file upload04.txt (compact mmCIF, C-alpha atoms)
# COMPACT_ATOMS: atom_id res chain seq x y z
CA MET A 1 0.00 0.00 0.00
CA GLU A 2 2.88 2.32 0.86
CA LYS A 3 4.50 1.51 -2.46
CA LEU A 4 1.24 2.23 -4.24
CA LYS A 5 1.00 5.56 -2.44
CA SER A 6 4.54 6.54 -3.38
CA PHE A 7 3.82 5.53 -6.99
CA LYS A 8 0.69 7.65 -6.99
CA GLY A 9 2.32 10.56 -5.17
CA ASP A 10 -0.07 13.51 -5.04
CA LYS A 11 -1.71 12.53 -8.29
CA THR A 12 -5.31 11.47 -8.61
CA TRP A 13 -6.21 8.30 -10.51
CA GLN A 14 -7.57 10.48 -13.32
CA GLU A 15 -4.18 12.21 -13.67
CA LEU A 16 -2.33 8.88 -13.61
CA LEU A 17 -4.65 7.54 -16.27
CA LEU A 18 -3.93 10.58 -18.48
CA ASP A 19 -0.15 10.44 -17.88
CA TYR A 20 0.03 6.76 -18.80
CA ALA A 21 -2.82 6.73 -21.36
CA LEU A 22 -0.53 5.76 -24.23
CA TYR A 23 1.13 2.88 -22.41
CA ILE A 24 -2.26 1.60 -21.16
CA ILE A 25 -3.73 1.60 -24.68
CA LEU A 26 -0.66 -0.09 -26.15
CA ILE A 27 -0.53 -2.77 -23.44
CA ILE A 28 -4.26 -3.50 -23.91
CA MET A 29 -3.67 -3.72 -27.66
CA ILE A 30 -0.78 -6.16 -27.25
CA ILE A 31 -2.82 -8.26 -24.78
CA GLY A 32 -5.61 -8.27 -27.39
CA VAL A 33 -3.24 -9.54 -30.07
CA ILE A 34 -1.92 -12.26 -27.75
CA ALA A 35 -5.50 -13.29 -26.85
CA ALA A 36 -6.42 -13.45 -30.55
CA ASP A 37 -3.35 -15.49 -31.43
CA PRO A 38 -1.27 -16.96 -28.58
CA THR A 39 1.53 -17.90 -31.04
CA PHE A 40 2.34 -14.16 -31.14
CA LEU A 41 4.26 -14.74 -27.90
CA SER A 42 6.68 -17.22 -29.50
CA LYS A 43 10.45 -16.77 -29.13
CA ASN A 44 10.80 -16.52 -32.91
CA ASN A 45 8.40 -13.59 -33.12
CA PHE A 46 10.16 -11.87 -30.24
CA LEU A 47 13.58 -12.21 -31.90
CA LYS A 48 12.15 -11.04 -35.23
CA ILE A 49 10.71 -7.93 -33.55
CA LEU A 50 14.03 -7.24 -31.79
CA ALA A 51 16.00 -7.63 -35.03
CA GLN A 52 13.61 -5.30 -36.89
CA ALA A 53 13.81 -2.78 -34.05
CA SER A 54 17.63 -2.83 -34.06
CA THR A 55 18.38 -0.58 -37.03
CA ARG A 56 15.56 1.80 -36.07
CA GLY A 57 16.89 1.71 -32.52
CA ILE A 58 20.36 2.82 -33.65
CA LEU A 59 18.76 5.54 -35.79
CA ALA A 60 16.64 6.63 -32.81
CA LEU A 61 19.76 6.93 -30.63
CA GLY A 62 21.03 9.54 -33.10
CA VAL A 63 17.72 11.38 -33.46
CA ALA A 64 17.28 11.41 -29.66
CA GLY A 65 20.33 13.65 -29.23
CA MET A 66 18.69 16.26 -31.46
CA ILE A 67 15.36 16.00 -29.62
CA VAL A 68 17.21 16.47 -26.31
CA LEU A 69 18.63 19.65 -27.90
CA ALA A 70 14.97 20.72 -28.36
CA GLY A 71 15.17 20.05 -32.09
CA THR A 72 14.51 17.05 -34.31
CA ASP A 73 15.66 15.43 -37.55
CA LEU A 74 13.19 14.83 -40.36
CA SER A 75 15.96 13.78 -42.74
CA ALA A 76 17.21 10.73 -40.80
CA GLY A 77 15.32 8.20 -42.96
CA ARG A 78 16.52 9.61 -46.29
CA ILE A 79 20.08 9.97 -45.02
CA LEU A 80 19.91 6.32 -43.96
CA GLY A 81 18.70 5.50 -47.50
CA CYS A 82 21.81 7.17 -48.98
CA GLY A 83 24.16 5.30 -46.64
CA ALA A 84 22.35 2.02 -47.34
CA ALA A 85 22.63 2.51 -51.12
CA ILE A 86 26.38 3.13 -50.86
CA SER A 87 26.94 0.12 -48.58
CA ALA A 88 24.85 -2.19 -50.77
CA SER A 89 26.36 -1.03 -54.07
CA LEU A 90 29.91 -1.64 -52.82
CA LEU A 91 29.03 -4.99 -51.31
CA GLN A 92 27.18 -6.58 -54.22
CA SER A 93 28.24 -10.10 -55.03
CA VAL A 94 31.20 -10.06 -57.46
CA THR A 95 29.57 -12.87 -59.44
CA TYR A 96 26.44 -10.78 -60.08
CA ALA A 97 26.55 -9.63 -63.71
CA SER A 98 24.38 -6.49 -63.29
CA ARG A 99 26.26 -5.15 -60.30
CA MET A 100 26.68 -1.41 -60.00
CA TYR A 101 30.48 -1.47 -60.03
CA PRO A 102 31.62 -4.19 -62.49
CA GLN A 103 35.21 -3.00 -61.99
CA ILE A 104 35.13 -4.47 -58.45
CA THR A 105 36.21 -8.03 -59.12
CA GLU A 106 37.38 -8.96 -55.62
CA PRO A 107 35.12 -8.65 -52.57
CA LEU A 108 35.92 -5.42 -50.71
CA PRO A 109 36.76 -5.46 -47.00
CA MET A 110 33.46 -4.75 -45.25
CA VAL A 111 34.89 -1.92 -43.20
CA LEU A 112 35.30 0.25 -46.32
CA PRO A 113 31.59 0.52 -47.26
CA LEU A 114 30.80 0.99 -43.57
CA LEU A 115 33.23 3.92 -43.36
CA LEU A 116 31.90 5.44 -46.60
CA SER A 117 28.34 5.12 -45.33
CA ILE A 118 29.37 6.89 -42.11
CA VAL A 119 31.17 9.66 -44.04
CA VAL A 120 28.10 10.34 -46.23
CA CYS A 121 25.72 10.34 -43.25
CA VAL A 122 28.05 12.56 -41.21
CA ALA A 123 28.24 15.04 -44.13
CA PHE A 124 24.44 15.36 -44.25
CA CYS A 125 24.21 15.63 -40.45
CA LEU A 126 26.88 18.33 -40.32
CA LEU A 127 24.87 20.28 -42.89
CA ASN A 128 21.91 20.10 -40.50
CA GLY A 129 24.15 20.91 -37.55
CA PHE A 130 25.63 23.95 -39.30
CA GLY A 131 22.14 25.28 -40.04
CA VAL A 132 21.06 24.83 -36.43
CA ALA A 133 24.24 25.86 -34.62
CA LYS A 134 25.60 28.66 -36.79
CA LEU A 135 22.65 29.95 -38.82
CA HIS A 136 20.20 29.46 -35.92
CA MET A 137 17.67 27.85 -38.24
CA HIS A 138 14.99 25.67 -36.72
CA ALA A 139 15.87 21.98 -36.92
CA PHE A 140 12.49 21.24 -38.57
CA ILE A 141 13.22 23.54 -41.50
CA ILE A 142 16.86 22.66 -42.15
CA SER A 143 16.24 18.91 -41.82
CA LEU A 144 13.24 19.17 -44.14
CA GLY A 145 15.53 20.68 -46.78
CA THR A 146 18.22 18.10 -46.16
CA GLN A 147 15.60 15.36 -46.45
CA LEU A 148 14.87 16.45 -50.03
CA ILE A 149 18.56 16.83 -50.88
CA ALA A 150 19.30 13.33 -49.53
CA TYR A 151 16.33 11.86 -51.40
CA GLY A 152 17.45 13.51 -54.64
CA ALA A 153 20.99 12.24 -54.15
CA LEU A 154 19.70 8.71 -53.42
CA CYS A 155 17.51 8.69 -56.56
CA LEU A 156 20.40 9.99 -58.71
CA TYR A 157 22.75 7.35 -57.29
CA ILE A 158 20.33 4.47 -57.87
CA ASP A 159 19.41 5.79 -61.31
CA SER A 160 23.10 5.98 -62.30
CA GLN A 161 23.23 2.18 -62.71
CA LYS A 162 23.78 0.81 -66.20
CA GLY A 163 20.34 -0.73 -66.32
CA GLY A 164 18.64 2.37 -64.92
CA ALA A 165 16.84 2.65 -61.59
CA GLN A 166 16.74 -0.91 -60.31
CA PRO A 167 17.04 -2.22 -56.75
CA ILE A 168 20.59 -2.75 -55.49
CA ALA A 169 20.43 -6.43 -54.65
CA SER A 170 22.43 -9.70 -54.81
CA LEU A 171 24.65 -8.78 -51.91
CA ASP A 172 27.87 -10.45 -50.83
CA PRO A 173 27.03 -13.57 -48.71
CA ARG A 174 29.64 -12.46 -46.09
CA TYR A 175 27.72 -9.21 -45.64
CA ILE A 176 24.36 -10.97 -45.35
CA GLU A 177 25.82 -13.38 -42.80
CA LEU A 178 27.38 -10.57 -40.77
CA VAL A 179 24.09 -8.70 -40.52
CA ASN A 180 21.50 -11.49 -40.47
CA GLY A 181 23.48 -14.18 -38.67
CA TYR A 182 22.84 -15.48 -35.19
CA TRP A 183 25.16 -15.89 -32.21
CA LEU A 184 24.00 -17.86 -29.17
CA GLY A 185 20.51 -17.93 -30.69
CA ILE A 186 20.27 -14.12 -30.83
CA PRO A 187 20.47 -12.12 -34.09
CA HIS A 188 23.72 -10.18 -34.65
CA LEU A 189 21.63 -7.05 -35.17
CA VAL A 190 20.54 -7.12 -31.54
CA TYR A 191 24.18 -7.20 -30.41
CA PHE A 192 24.99 -4.24 -32.69
CA MET A 193 22.11 -2.28 -31.18
CA VAL A 194 23.17 -3.12 -27.63
CA ILE A 195 26.79 -2.08 -28.32
CA CYS A 196 25.64 1.25 -29.80
CA ALA A 197 23.27 1.79 -26.86
CA VAL A 198 26.01 1.12 -24.29
CA ILE A 199 28.40 3.54 -26.04
CA MET A 200 25.67 6.18 -26.27
CA TRP A 201 24.74 5.67 -22.61
CA PHE A 202 28.38 6.38 -21.77
CA VAL A 203 28.45 9.47 -24.02
CA TRP A 204 25.21 10.85 -22.58
CA ASN A 205 25.92 10.17 -18.92
CA LYS A 206 29.68 10.13 -18.40
CA THR A 207 31.13 12.69 -20.80
CA THR A 208 31.20 16.48 -20.86
CA LEU A 209 29.53 16.38 -24.28
CA GLY A 210 26.54 14.53 -22.79
CA LYS A 211 26.23 16.90 -19.85
CA ASN A 212 26.52 19.92 -22.16
CA MET A 213 23.86 18.42 -24.43
CA PHE A 214 21.36 18.26 -21.56
CA ALA A 215 22.34 21.76 -20.44
CA ILE A 216 21.84 23.21 -23.94
CA GLY A 217 18.56 21.31 -24.37
CA GLY A 218 17.28 22.58 -21.03
CA ASN A 219 18.21 26.22 -21.56
CA PRO A 220 20.71 27.22 -24.27
CA GLU A 221 21.14 30.78 -22.97
CA ALA A 222 21.90 29.58 -19.46
CA ALA A 223 24.35 27.02 -20.87
CA ALA A 224 26.11 29.75 -22.89
CA VAL A 225 26.34 32.00 -19.82
CA SER A 226 27.82 29.06 -17.88
CA GLY A 227 30.65 28.88 -20.38
CA VAL A 228 29.40 26.05 -22.64
CA ASN A 229 30.36 26.45 -26.30
CA VAL A 230 26.83 25.91 -27.62
CA ALA A 231 27.62 25.85 -31.36
CA LYS A 232 30.54 23.43 -30.97
CA ASN A 233 28.52 21.05 -28.80
CA ILE A 234 25.54 21.10 -31.17
CA MET A 235 27.88 20.25 -34.07
CA MET A 236 29.37 17.40 -32.03
CA ILE A 237 25.91 15.95 -31.30
CA TYR A 238 25.10 16.05 -35.02
CA LEU A 239 28.43 14.39 -35.77
CA VAL A 240 27.66 11.55 -33.34
CA ALA A 241 24.19 11.22 -34.90
CA GLY A 242 25.80 10.98 -38.36
CA ILE A 243 28.03 8.13 -37.20
CA LEU A 244 24.99 6.29 -35.80
CA TYR A 245 23.02 6.86 -39.03
CA GLY A 246 25.96 5.47 -41.02
CA ILE A 247 26.06 2.30 -38.91
CA ALA A 248 22.26 1.93 -39.08
CA ALA A 249 22.37 2.40 -42.88
CA PHE A 250 25.06 -0.26 -43.31
CA LEU A 251 23.07 -2.73 -41.18
CA GLU A 252 19.69 -1.90 -42.75
CA ALA A 253 20.99 -2.53 -46.28
CA GLY A 254 22.22 -5.97 -45.18
CA ARG A 255 18.96 -6.67 -43.37
CA ILE A 256 16.56 -5.86 -46.23
CA GLN A 257 19.08 -7.09 -48.88
CA SER A 258 17.60 -4.87 -51.58
CA VAL A 259 18.02 -1.11 -51.56
CA THR A 260 15.64 1.07 -53.59
CA THR A 261 14.74 4.75 -53.65
CA ALA A 262 12.08 3.94 -51.03
CA THR A 263 14.63 2.68 -48.50
CA GLY A 264 14.45 4.76 -45.34
CA THR A 265 11.01 6.22 -46.04
CA ASN A 266 9.33 7.13 -42.74
CA TYR A 267 12.19 5.67 -40.70
CA ASP A 268 12.68 9.15 -39.23
CA LEU A 269 9.10 9.18 -38.02
CA ASP A 270 9.55 5.73 -36.47
CA ALA A 271 12.71 6.94 -34.74
CA ILE A 272 11.05 10.14 -33.49
CA SER A 273 7.97 8.21 -32.31
CA GLY A 274 10.19 5.70 -30.50
CA CYS A 275 12.00 8.53 -28.73
CA VAL A 276 8.78 10.29 -27.71
CA ILE A 277 7.16 7.05 -26.49
CA GLY A 278 10.40 6.37 -24.60
CA GLY A 279 10.12 9.63 -22.68
CA VAL A 280 12.42 11.98 -24.64
CA SER A 281 10.71 15.34 -24.28
CA PHE A 282 10.34 17.75 -27.22
CA SER A 283 10.78 20.54 -24.67
CA GLY A 284 14.46 19.52 -24.60
CA GLY A 285 16.90 18.46 -21.91
CA VAL A 286 15.05 15.25 -20.99
CA GLY A 287 15.65 11.66 -22.13
CA THR A 288 17.35 8.38 -21.30
CA ILE A 289 18.95 5.68 -23.43
CA PRO A 290 16.98 2.76 -21.88
CA GLY A 291 13.78 4.80 -22.42
CA ILE A 292 14.59 5.23 -26.11
CA LEU A 293 15.27 1.51 -26.58
CA ILE A 294 12.03 0.59 -24.80
CA GLY A 295 10.15 3.16 -26.90
CA VAL A 296 11.54 1.78 -30.16
CA ILE A 297 10.79 -1.83 -29.16
CA ILE A 298 7.23 -0.90 -28.08
CA LEU A 299 6.70 0.84 -31.42
CA GLN A 300 8.02 -2.19 -33.29
CA VAL A 301 5.70 -4.45 -31.30
CA ILE A 302 2.79 -2.18 -32.33
CA ASN A 303 3.87 -2.25 -35.99
CA TYR A 304 4.19 -6.00 -35.87
CA SER A 305 0.85 -6.37 -34.02
CA LEU A 306 -0.97 -4.24 -36.60
CA TYR A 307 0.60 -6.27 -39.38
CA TYR A 308 -0.17 -9.50 -37.50
CA LEU A 309 -3.81 -8.48 -37.08
CA GLY A 310 -4.03 -7.65 -40.78
CA VAL A 311 -4.97 -4.01 -40.17
CA ASN A 312 -5.27 -1.95 -43.38
CA ALA A 313 -1.85 -0.48 -44.27
CA TYR A 314 -3.30 3.03 -44.72
CA LEU A 315 -5.05 2.86 -41.36
CA GLN A 316 -1.71 1.87 -39.83
CA TYR A 317 -0.37 5.32 -40.83
CA ILE A 318 -3.32 6.98 -39.07
CA ILE A 319 -2.74 4.90 -35.93
CA LYS A 320 1.00 5.72 -35.88
CA GLY A 321 0.25 9.42 -36.38
CA LEU A 322 -2.24 9.37 -33.50
CA ILE A 323 0.35 7.62 -31.29
CA ILE A 324 2.87 10.43 -31.96
CA ILE A 325 0.28 13.16 -31.32
CA LEU A 326 -0.89 11.46 -28.12
CA ALA A 327 2.69 11.05 -26.88
CA VAL A 328 3.42 14.75 -27.49
CA ALA A 329 0.09 15.83 -25.94
CA ILE A 330 0.92 13.85 -22.79
CA ASP A 331 4.37 15.47 -22.77
CA VAL A 332 2.81 18.95 -23.03
CA ARG A 333 0.31 18.06 -20.29
CA LYS A 334 3.15 17.02 -17.97
CA TYR A 335 4.95 20.29 -18.76
CA ILE A 336 1.86 22.38 -17.95
CA ALA A 337 1.21 20.40 -14.76
CA LYS A 338 4.82 21.00 -13.65
CA LYS A 339 4.58 24.73 -14.46
CA MET B 340 58.60 65.36 4.33
CA THR B 341 56.95 62.10 3.27
CA ASP B 342 55.70 61.24 -0.25
CA THR B 343 52.06 61.97 0.67
CA GLN B 344 52.95 65.39 1.87
CA LYS B 345 54.65 66.31 -1.42
CA PRO B 346 52.90 69.06 -3.37
CA VAL B 347 50.80 67.58 -6.20
CA ASN B 348 52.03 68.07 -9.68
CA PRO B 349 49.07 69.33 -11.82
CA GLU B 350 50.13 67.09 -14.73
CA GLU B 351 50.24 64.05 -12.48
CA LEU B 352 46.87 64.98 -11.04
CA GLU B 353 45.35 65.25 -14.50
CA GLN B 354 46.79 61.86 -15.45
CA ARG B 355 45.39 60.35 -12.26
CA ILE B 356 41.95 61.81 -12.98
CA HIS B 357 42.11 60.40 -16.50
CA GLU B 358 43.03 56.95 -15.17
CA LEU B 359 40.16 57.03 -12.70
CA GLU B 360 37.75 58.06 -15.42
CA GLU B 361 38.91 55.20 -17.63
CA ARG B 362 38.54 52.73 -14.77
CA GLU B 363 35.03 54.00 -14.07
CA LYS B 364 34.14 53.65 -17.75
CA ALA B 365 35.42 50.05 -17.80
CA LEU B 366 33.39 49.25 -14.68
CA GLU B 367 30.26 50.70 -16.28
CA GLU B 368 30.82 48.62 -19.42
CA LYS B 369 31.27 45.50 -17.32
CA GLU B 370 28.08 46.26 -15.43
CA ILE B 371 26.13 46.64 -18.70
CA GLU B 372 27.57 43.34 -19.94
CA LEU B 373 26.58 41.57 -16.72
CA LYS B 374 23.07 43.02 -16.89
CA GLN B 375 22.74 41.77 -20.48
CA LYS B 376 23.84 38.30 -19.44
CA GLU B 377 21.44 38.33 -16.51
CA SER B 378 18.53 39.35 -18.72
CA ALA B 379 19.45 36.53 -21.14
CA PHE B 380 19.39 34.11 -18.23
CA THR B 381 16.10 35.20 -16.69
CA GLY B 382 14.26 36.20 -19.84
CA ALA B 383 15.28 33.19 -21.88
CA LYS B 384 12.78 31.38 -24.07
CA TYR B 385 13.18 28.16 -22.19
CA ASN B 386 11.91 25.59 -24.66
CA LEU B 387 9.54 24.58 -27.41
CA TYR B 388 6.57 24.51 -25.03
CA SER B 389 7.22 27.87 -23.32
CA HIS B 390 4.70 29.70 -25.46
CA ILE B 391 1.88 27.24 -24.69
CA ASN B 392 -0.75 29.00 -22.67
CA VAL B 393 -3.43 26.39 -22.09
CA SER B 394 -5.01 25.37 -18.80
CA LEU B 395 -4.38 21.91 -17.38
CA LYS B 396 -8.09 21.18 -17.61
CA THR B 397 -8.12 21.89 -21.35
CA MET B 398 -5.00 19.77 -21.85
CA ASN B 399 -6.67 16.90 -19.95
CA ILE B 400 -9.58 17.06 -22.37
CA VAL B 401 -7.19 17.15 -25.37
CA VAL B 402 -5.28 14.08 -24.14
CA ALA B 403 -8.53 12.21 -23.45
CA VAL B 404 -9.94 13.04 -26.91
CA ILE B 405 -6.75 11.91 -28.71
CA ALA B 406 -6.65 8.72 -26.61
CA VAL B 407 -10.26 7.95 -27.59
CA ALA B 408 -9.44 8.67 -31.25
CA LEU B 409 -6.53 6.23 -31.07
CA VAL B 410 -8.71 3.53 -29.52
CA VAL B 411 -11.37 4.09 -32.21
CA ALA B 412 -8.71 3.90 -34.98
CA ILE B 413 -7.30 0.63 -33.61
CA ALA B 414 -10.80 -0.82 -33.18
CA ALA B 415 -11.72 0.22 -36.72
CA GLY B 416 -8.52 -1.39 -38.01
CA VAL B 417 -9.33 -4.67 -36.25
CA ILE B 418 -13.00 -4.69 -37.33
CA TYR B 419 -12.45 -3.72 -40.99
CA ARG B 420 -9.34 -5.78 -41.69
call {"tool": "encode", "arguments": {"input": "upload04.txt", "output": "structure tokens"}}
result
Amino acid sequence: MEKLKSFKGDKTWQELLLDYALYIILIIMIIGVIAADPTFLSKNNFLKILAQASTRGILALGVAGMIVLAGTDLSAGRILGCGAAISASLLQSVTYASRMYPQITEPLPMVLPLLLSIVVCVAFCLLNGFGVAKLHMHAFIISLGTQLIAYGALCLYIDSQKGGAQPIASLDPRYIELVNGYWLGIPHLVYFMVICAVIMWFVWNKTTLGKNMFAIGGNPEAAAVSGVNVAKNIMMIYLVAGILYGIAAFLEAGRIQSVTTATGTNYDLDAISGCVIGGVSFSGGVGTIPGILIGVIILQVINYSLYYLGVNAYLQYIIKGLIIILAVAIDVRKYIAKK
Amino acid sequence: MTDTQKPVNPEELEQRIHELEEREKALEEKEIELKQKESAFTGAKYNLYSHINVSLKTMNIVVAVIAVALVVAIAAGVIYR
């Protein structure tokens, strides 16, 4: 009873219900899916959901930094598409006749496409970072522009193939094994996500950059007065995000095994939704790494549940949109209640 | 006769006055700078939600309405699959 009281605090049940409305609805929905089909709870399904959530999770770790800075990134998905196209094109099977680079006759070391993917993603992110940090543009606007630039670049790159715009497929078996393989019964992708999450937890909680990020997100003017180099720190956060996008792009290309101009579409929204569900506040200065991972996994469970239930694909967009709006509305409500 | 009892040289006095004036000017500039910083600190636009001027009651209704809309959308998706 004491525990219940401390959990409730001074809040009424009505307030608790409103604060946790999203989680309550989602849990009821998942229980509904399990009741309709108990096989949903199988280990295979769980691992599949985790593997699918991995690349989006890594992307969300990058986007989360920008949301903590009271901004966002609408270009993350398209930037990921560019990185994925580069990774896939350089790691096509050398025996595939219609490969993008016929001059590559020996399989390339896998670290090279990974590095190139990171470089491309970092370049796009630094463009966003420059707009935000130096030109004081709103992150929504600059990332919207970058989204179009990245999409255009992706289309041009895919269209530059000899046979015209065709999916970049037939990937090197080593690459497919690296990304889609299993170790101790768990997909490699899950390990990659966990490694990235641990590194990001360290960056956020144990480094000056992390502490400055929260300070700038909470109140940039106060951070500047306290001696924090706001512009430099914002650029650094965008740089870290670029590295994470590059890794996510490399892994996503290997996971889907066929990169088209549609690769990465709406991934940014999934990443933003995951962050918001996981408790990263759009007001800035608030967020945790475990929260983000839980948010992304919950979102993936919802996606999978809707797919599992056979819900109309167009209606799925409406449901996802409502989830984002509800998450933000609850965030605003908490802010007003605190004020 | 000690140094303090020496008669004051008018040139020295003028230089001293000039120095004091400069120091006063520097102090004034510093004060203005500090005031500017203070106003930036207290008058800062804290975050994205700072401009929101809605009562908690209204926000409760908004959250409840969106939650109901989400439930309806999920129910519709399950019924009309």
call {"tool": "residues_around", "arguments": {"input": "upload04.txt", "residues": "Ala169 in chain A", "least_positions_apart": "5", "cutoff": "7 Å", "atoms": "all atoms listed in the file", "output": "list of chain:residue names"}}
result
A:Gln92, A:Gln257, A:Ser258, A:Val259
call {"tool": "residues_around", "arguments": {"input": "upload04.txt", "residues": "Glu15 in chain A", "least_positions_apart": "2", "cutoff": "12 Å", "atoms": "only C-alpha atoms", "output": "PyMOL selection string"}}
result
(chain A and resi 8-13+17-21+330+333-334+337) or (chain B and resi 395-396+398-400+402-403)
call {"tool": "atom_distance", "arguments": {"input": "upload04.txt", "atom1": "CA of Cys275 in chain A", "atom2": "CA of Ile323 in chain A"}}
result
12.0 Å
call {"tool": "closest_atom_pairs", "arguments": {"input": "upload04.txt", "of": "chain A", "to": "chain B", "cutoff": "8 Å", "atoms": "all atoms listed in the file", "output": "CSV"}}
result
residue,atom,partner,partner_atom,distance
A:Leu18,CA,B:Val402,CA,6.8
A:Ala21,CA,B:Ala406,CA,6.8
A:Leu22,CA,B:Ala406,CA,7.2
A:Ile25,CA,B:Val410,CA,7.2
A:Ala70,CA,B:Leu387,CA,6.7
A:Gly217,CA,B:Asn386,CA,7.9
A:Gly218,CA,B:Tyr385,CA,7.0
A:Asn219,CA,B:Tyr385,CA,5.4
A:Pro220,CA,B:Tyr385,CA,7.9
A:Glu221,CA,B:Phe380,CA,6.1
A:Ala222,CA,B:Phe380,CA,5.3
A:Val225,CA,B:Lys376,CA,6.8
A:Phe282,CA,B:Leu387,CA,6.9
A:Ser283,CA,B:Leu387,CA,5.0
A:Gly284,CA,B:Asn386,CA,6.6
A:Leu309,CA,B:Val417,CA,6.8
A:Gly310,CA,B:Arg420,CA,5.7
A:Val311,CA,B:Gly416,CA,4.9
A:Asn312,CA,B:Arg420,CA,5.8
A:Leu315,CA,B:Gly416,CA,6.4
A:Gln316,CA,B:Gly416,CA,7.8
A:Ile318,CA,B:Ala412,CA,7.4
A:Ile319,CA,B:Ala412,CA,6.1
A:Leu322,CA,B:Leu409,CA,5.8
A:Ile323,CA,B:Leu409,CA,7.0
A:Ile325,CA,B:Ile405,CA,7.6
A:Leu326,CA,B:Ile405,CA,5.9
A:Ala329,CA,B:Val402,CA,5.9
A:Ile330,CA,B:Val402,CA,6.3
A:Val332,CA,B:Tyr388,CA,7.0
A:Arg333,CA,B:Met398,CA,5.8
A:Tyr335,CA,B:Tyr388,CA,7.7
A:Ile336,CA,B:Leu395,CA,6.3
A:Ala337,CA,B:Leu395,CA,6.4
call {"tool": "atom_distance", "arguments": {"input": "upload04.txt", "atom1": "CA of Tyr238 in chain A", "atom2": "CA of Asp268 in chain A"}}
result
14.8 Å
call {"tool": "residues_around", "arguments": {"input": "upload04.txt", "residues": "Gly274 in chain A", "least_positions_apart": "3", "cutoff": "7 Å", "atoms": "only C-alpha atoms", "output": "MDAnalysis selection string"}}
result
chainID A and resid 60 270:271 277:278 292 295:296 299
call {"tool": "closest_residue", "arguments": {"input": "upload04.txt", "among": "A:Arg56, A:His136, A:Lys43, A:Arg255", "to": "Ile272 in chain A", "atoms": "all atoms listed in the file"}}
result
A:Arg56
call {"tool": "residues_around", "arguments": {"input": "upload04.txt", "residues": "Tyr101 in chain A", "least_positions_apart": "5", "cutoff": "12 Å", "atoms": "all atoms listed in the file", "output": "PyMOL selection string"}}
result
chain A and resi 86+88-96+106-108+158+160-163+168
call {"tool": "atom_distance", "arguments": {"input": "upload04.txt", "atom1": "CA of Asn180 in chain A", "atom2": "CA of Pro109 in chain A"}}
result
17.7 Å
